[in-house]
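Below is input.pdb, which holds PDB, C-alpha atoms.
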```
MODEL        1
ATOM      1  CA  MET Z   1      19.195  16.040  18.133
ATOM      2  CA  THR Z   2      15.692  14.637  18.455
ATOM      3  CA  VAL Z   3      14.909  11.108  19.564
ATOM      4  CA  ALA Z   4      13.692  10.242  16.044
ATOM      5  CA  ALA Z   5      16.904  11.563  14.492
ATOM      6  CA  GLU Z   6      19.010   9.578  16.962
ATOM      7  CA  ALA Z   7      17.077   6.386  16.226
ATOM      8  CA  LEU Z   8      17.422   6.736  12.450
ATOM      9  CA  GLU Z   9      21.007   5.866  11.649
ATOM     10  CA  PRO Z  10      22.312   5.679   8.075
ATOM     11  CA  ARG Z  11      21.408   2.266   6.723
ATOM     12  CA  LEU Z  12      21.284   0.366   3.452
ATOM     13  CA  ILE Z  13      18.323  -1.916   2.968
ATOM     14  CA  HIS Z  14      19.358  -4.505   0.376
ATOM     15  CA  ALA Z  15      17.129  -5.874  -2.366
ATOM     16  CA  ASP Z  16      16.480  -9.099  -0.449
ATOM     17  CA  ASP Z  17      15.935  -7.336   2.907
ATOM     18  CA  GLY Z  18      12.593  -6.457   4.406
ATOM     19  CA  GLU Z  19       9.578  -8.119   5.934
ATOM     20  CA  ARG Z  20       7.845 -10.194   3.224
ATOM     21  CA  TYR Z  21       4.169 -11.105   3.091
ATOM     22  CA  THR Z  22       2.418 -13.027   0.341
ATOM     23  CA  ILE Z  23      -1.237 -13.124  -0.615
ATOM     24  CA  GLY Z  24      -1.797 -15.571  -3.447
ATOM     25  CA  ALA Z  25       0.781 -14.654  -6.097
ATOM     26  CA  SER Z  26       1.047 -11.062  -4.814
ATOM     27  CA  GLU Z  27       3.833 -10.008  -2.475
ATOM     28  CA  VAL Z  28       4.580  -6.988  -0.317
ATOM     29  CA  VAL Z  29       7.962  -6.236   1.211
ATOM     30  CA  PHE Z  30       8.114  -3.625   3.962
ATOM     31  CA  LYS Z  31      11.326  -1.624   3.563
ATOM     32  CA  ASN Z  32      11.072   0.580   6.646
ATOM     33  CA  PRO Z  33      14.372   1.944   7.930
ATOM     34  CA  LEU Z  34      13.549   0.778  11.463
ATOM     35  CA  PRO Z  35      12.321  -2.835  11.186
ATOM     36  CA  GLY Z  36       9.996  -3.854  13.963
ATOM     37  CA  ALA Z  37       9.645  -0.255  15.144
ATOM     38  CA  SER Z  38       7.307   2.558  14.293
ATOM     39  CA  SER Z  39       8.923   5.086  11.991
ATOM     40  CA  GLU Z  40       7.451   8.238  10.502
ATOM     41  CA  TRP Z  41       6.562   6.520   7.236
ATOM     42  CA  THR Z  42       5.824   3.200   5.603
ATOM     43  CA  ILE Z  43       7.695   2.078   2.474
ATOM     44  CA  ILE Z  44       6.548  -1.010   0.598
ATOM     45  CA  GLU Z  45       7.759  -2.803  -2.511
ATOM     46  CA  TYR Z  46       4.525  -4.264  -3.857
ATOM     47  CA  THR Z  47       4.079  -6.900  -6.576
ATOM     48  CA  LEU Z  48       0.440  -7.242  -7.580
ATOM     49  CA  GLU Z  49      -0.428 -10.370  -9.517
ATOM     50  CA  PRO Z  50      -2.221 -10.114 -12.897
ATOM     51  CA  HIS Z  51      -5.961  -9.466 -12.955
ATOM     52  CA  ARG Z  52      -6.108  -8.662  -9.246
ATOM     53  CA  PRO Z  53      -7.816  -5.868  -7.338
ATOM     54  CA  GLY Z  54      -5.377  -3.995  -5.123
ATOM     55  CA  ALA Z  55      -6.879  -1.234  -3.012
ATOM     56  CA  LEU Z  56     -10.582  -0.527  -3.359
ATOM     57  CA  PRO Z  57     -11.524   3.178  -3.654
ATOM     58  CA  HIS Z  58     -10.857   4.977  -0.375
ATOM     59  CA  TYR Z  59      -9.358   8.157   1.050
ATOM     60  CA  HIS Z  60      -7.338   9.241   4.074
ATOM     61  CA  ARG Z  61      -7.917  12.364   6.156
ATOM     62  CA  GLU Z  62      -4.264  12.807   7.147
ATOM     63  CA  LEU Z  63      -2.146  10.300   5.254
ATOM     64  CA  THR Z  64      -0.335  11.119   2.000
ATOM     65  CA  GLU Z  65       0.624   8.260  -0.333
ATOM     66  CA  THR Z  66       2.862   8.005  -3.372
ATOM     67  CA  PHE Z  67       2.986   5.189  -5.915
ATOM     68  CA  TYR Z  68       6.031   4.740  -8.163
ATOM     69  CA  VAL Z  69       5.633   2.046 -10.821
ATOM     70  CA  LEU Z  70       8.767  -0.062 -11.371
ATOM     71  CA  GLU Z  71       7.422  -2.689 -13.808
ATOM     72  CA  GLY Z  72       4.173  -3.459 -15.557
ATOM     73  CA  GLU Z  73       0.988  -1.431 -15.510
ATOM     74  CA  LEU Z  74      -1.026  -0.275 -12.544
ATOM     75  CA  CYS Z  75      -4.606   0.861 -13.167
ATOM     76  CA  MET Z  76      -5.238   3.735 -10.790
ATOM     77  CA  ARG Z  77      -8.067   5.934  -9.719
ATOM     78  CA  VAL Z  78      -6.863   9.255  -8.334
ATOM     79  CA  GLY Z  79      -9.674  11.671  -7.585
ATOM     80  CA  ASP Z  80     -12.092  11.542 -10.518
ATOM     81  CA  GLN Z  81      -9.447  10.282 -12.958
ATOM     82  CA  GLU Z  82      -8.921   6.681 -14.054
ATOM     83  CA  MET Z  83      -5.458   6.145 -15.532
ATOM     84  CA  THR Z  84      -2.910   3.497 -16.340
ATOM     85  CA  ALA Z  85       0.447   4.106 -14.694
ATOM     86  CA  THR Z  86       3.370   2.457 -16.482
ATOM     87  CA  ALA Z  87       7.002   1.988 -15.411
ATOM     88  CA  GLY Z  88       8.479   5.305 -14.330
ATOM     89  CA  SER Z  89       5.100   6.842 -13.443
ATOM     90  CA  LEU Z  90       4.585   8.510 -10.084
ATOM     91  CA  ALA Z  91       1.188   9.213  -8.506
ATOM     92  CA  VAL Z  92       0.956  11.497  -5.482
ATOM     93  CA  VAL Z  93      -2.234  11.183  -3.458
ATOM     94  CA  ALA Z  94      -2.936  14.014  -1.017
ATOM     95  CA  PRO Z  95      -5.160  13.636   2.050
ATOM     96  CA  GLY Z  96      -8.853  13.693   1.162
ATOM     97  CA  THR Z  97      -8.283  12.363  -2.380
ATOM     98  CA  THR Z  98     -10.198   9.239  -3.344
ATOM     99  CA  HIS Z  99      -7.864   6.645  -4.819
ATOM    100  CA  GLY Z 100      -7.470   2.942  -5.487
ATOM    101  CA  PHE Z 101      -5.521   0.597  -7.737
ATOM    102  CA  ARG Z 102      -5.696  -2.761  -9.484
ATOM    103  CA  ASN Z 103      -3.822  -4.804 -12.058
ATOM    104  CA  ASP Z 104      -5.908  -5.462 -15.174
ATOM    105  CA  SER Z 105      -2.974  -6.727 -17.240
ATOM    106  CA  ASP Z 106      -1.620 -10.217 -17.949
ATOM    107  CA  LYS Z 107       1.683  -9.452 -16.172
ATOM    108  CA  PRO Z 108       2.552  -8.584 -12.563
ATOM    109  CA  ALA Z 109       2.689  -4.902 -11.634
ATOM    110  CA  ARG Z 110       5.584  -3.958  -9.349
ATOM    111  CA  PHE Z 111       5.613  -0.608  -7.579
ATOM    112  CA  LEU Z 112       6.817   1.273  -4.523
ATOM    113  CA  LEU Z 113       4.201   2.574  -2.139
ATOM    114  CA  HIS Z 114       5.126   5.270   0.358
ATOM    115  CA  ALA Z 115       2.700   6.268   3.118
ATOM    116  CA  SER Z 116       3.365   9.247   5.369
ATOM    117  CA  GLY Z 117       2.146   7.610   8.573
ATOM    118  CA  PRO Z 118       3.606   5.015  10.915
ATOM    119  CA  GLN Z 119       0.335   3.085  11.359
ATOM    120  CA  HIS Z 120      -0.143   2.173   7.704
ATOM    121  CA  LYS Z 121       1.902  -0.998   8.053
ATOM    122  CA  SER Z 122      -0.301  -2.220  10.924
ATOM    123  CA  PHE Z 123      -3.384  -1.449   8.866
ATOM    124  CA  LEU Z 124      -2.077  -3.365   5.856
ATOM    125  CA  LEU Z 125      -1.113  -6.411   7.909
ATOM    126  CA  GLU Z 126      -4.623  -6.602   9.356
ATOM    127  CA  LEU Z 127      -6.154  -6.013   5.930
ATOM    128  CA  PHE Z 128      -4.017  -8.763   4.354
ATOM    129  CA  GLU Z 129      -5.249 -11.180   7.036
ATOM    130  CA  LEU Z 130      -8.818 -10.193   6.214
ATOM    131  CA  VAL Z 131      -8.121 -10.863   2.519
ATOM    132  CA  ARG Z 132      -6.613 -14.282   3.327
ATOM    133  CA  THR Z 133      -9.557 -15.381   5.443
ATOM    134  CA  SER Z 134     -12.268 -14.128   3.070
ATOM    135  CA  THR Z 135     -13.833 -16.562   0.638
ATOM    136  CA  VAL Z 136     -14.072 -13.828  -2.040
ATOM    137  CA  TRP Z 137     -12.353 -10.482  -2.494
ATOM    138  CA  PRO Z 138     -13.564  -7.856  -2.503
ATOM    139  CA  PRO Z 139     -16.000  -9.051   0.146
ATOM    140  CA  ALA Z 140     -19.724  -9.154  -0.550
ATOM    141  CA  ASP Z 141     -20.250  -7.474   2.843
ATOM    142  CA  PRO Z 142     -17.596  -4.747   3.270
ATOM    143  CA  THR Z 143     -18.543  -3.973   6.903
ATOM    144  CA  ALA Z 144     -15.445  -5.562   8.498
ATOM    145  CA  MET Z 145     -13.141  -3.922   5.936
ATOM    146  CA  LYS Z 146     -14.718  -0.500   6.547
ATOM    147  CA  ARG Z 147     -14.445  -0.856  10.336
ATOM    148  CA  LEU Z 148     -10.809  -1.858  10.053
ATOM    149  CA  GLY Z 149     -10.042   1.066   7.752
ATOM    150  CA  GLU Z 150     -11.672   3.621  10.030
ATOM    151  CA  ARG Z 151      -9.313   2.597  12.857
ATOM    152  CA  TYR Z 152      -6.392   3.547  10.590
ATOM    153  CA  ASP Z 153      -7.476   6.740   8.758
ATOM    154  CA  THR Z 154      -8.719   4.771   5.746
ATOM    155  CA  TYR Z 155     -12.287   5.445   4.619
ATOM    156  CA  TYR Z 156     -13.758   3.167   1.943
ATOM    157  CA  LEU Z 157     -16.481   4.442  -0.361
TER     158      LEU Z 157
ENDMDL
END
```

Would you mind writing the file's structure down as structure tokens?
Amino acid sequence: MTVAAEALEPRLIHADDGERYTIGASEVVFKNPLPGASSEWTIIEYTLEPHRPGALPHYHRELTETFYVLEGELCMRVGDQEMTATAGSLAVVAPGTTHGFRNDSDKPARFLLHASGPQHKSFLLELFELVRTSTVWPPADPTAMKRLGERYDTYYL
């Protein structure tokens, strides 16, 4: 048995469990099976407030992401396609694929985000702090955001 297999014991993460972070009226809840530790993936329950940009267009060289919409509508760019993902929709974003999302609707969009790398949580926490301390978002000067992303396999266009 590998160390990772030994560390990952069967576990139920309840609806109210997880590490919660709020940004305005948006909320993310990290649902990783090993709280406080680095696991092989990042799982997030994400509620994006109405009329809010989520992730600006970017790509990853190694990371794969999936987005499963639970409620509402999520406007997504995946590659060259712009689409609206509704409840029950799943988007799979392979490495090297430009993608981004936003909520253009009048209601919150709730979705699950899965990222295949253990560092994505650290990236998001630093990014959320950048969002909180910025006077406008997206920032007029994206230099700090781009530098942050490059440290975590996230390359903004």

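Counting from CA of Ala144 in chain Z, the distance to CA of Val92 in chain Z is 27.5 Å.
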
- Could you give me, as JSON, numbers by chain, the residues within 7 Å of Leu48 in chain Z, counting all atoms listed in the file and dropping anything in the same chain fewer than 5 positions from it? {"Z": [26, 27, 103, 108, 109, 110]}

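For the residues Z:Glu45, Z:Glu19, Z:Glu9, Z:Asp80, ranking by smallest atom-to-atom distance to Phe67 in chain Z using only C-alpha atoms places Z:Glu45 first.
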
- Task: Give me the result of the PyMOL selection byres ((chain Z and resi 74) around 7) on this file, residue by residue, as a PyMOL selection string.
- Result: chain Z and resi 72-73+75-76+84-86+101-103+109

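Among the candidates Z:Leu12, Z:Ala87, Z:Leu63, Z:Ile23, the residue lying nearest to Leu112 in chain Z is Z:Ala87 (atoms considered: all atoms listed in the file).
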
- Distance in Å - CA of Glu62 in chain Z versus CA of Ala140 in chain Z: 27.9 Å

- Given only C-alpha atoms as the counted atoms, nearest of Z:Pro142, Z:Gly149, Z:Gly100, Z:Pro50 to Leu125 in chain Z: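 The closest residue to Leu125 in chain Z is Z:Gly149.
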
- Query: Which of these, Z:Thr133, Z:Phe128, Z:Leu157, Z:His114, has the shortest distance to Glu40 in chain Z once you count all atoms listed in the file?
  - Reply: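 Of the candidates, the smallest distance to Glu40 in chain Z is held by Z:His114.
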
- Message: as a ChimeraX atom specification, please: the residues near Thr97 in chain Z (cut-off 9 Å, all atoms listed in the file, same-chain neighbours under 2 positions excluded).
- Response: /Z:58-61,78-79,93-95,99

- Query: Which residue gives the smallest distance to Gln119 in chain Z among Z:Met83, Z:Arg77, Z:Asp153, Z:Ile13, with only C-alpha atoms counted?
  - Reply: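 Using only C-alpha atoms, the shortest distance to Gln119 in chain Z belongs to Z:Asp153.
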
- Task: Just give me the gap between CA of Glu129 in chain Z and CA of Ile44 in chain Z in Å, one decimal is fine.
- Result: 16.9 Å

- Query: How would you write, as an NGL selection string, the residues chosen by the PyMOL selection byres ((chain Z and resi 42) around 12) on this structure?
  - Reply: :Z and (18-19 or 28-41 or 43-45 or 63-66 or 112-124)

Padding 4 Å on every side, please: axis-aligned box over the listed atoms of range 13-23 of chain Z, centre and edge lengths to one decimal in Å, as JSON.
```
{"center_x": 9.1, "center_y": -7.5, "center_z": 1.8, "size_x": 28.6, "size_y": 19.2, "size_z": 16.3}
```

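Counting only C-alpha atoms, the residue from Z:Phe111, Z:Tyr156, Z:Tyr46, Z:Tyr21 that sits nearest to Thr98 in chain Z is Z:Tyr156.
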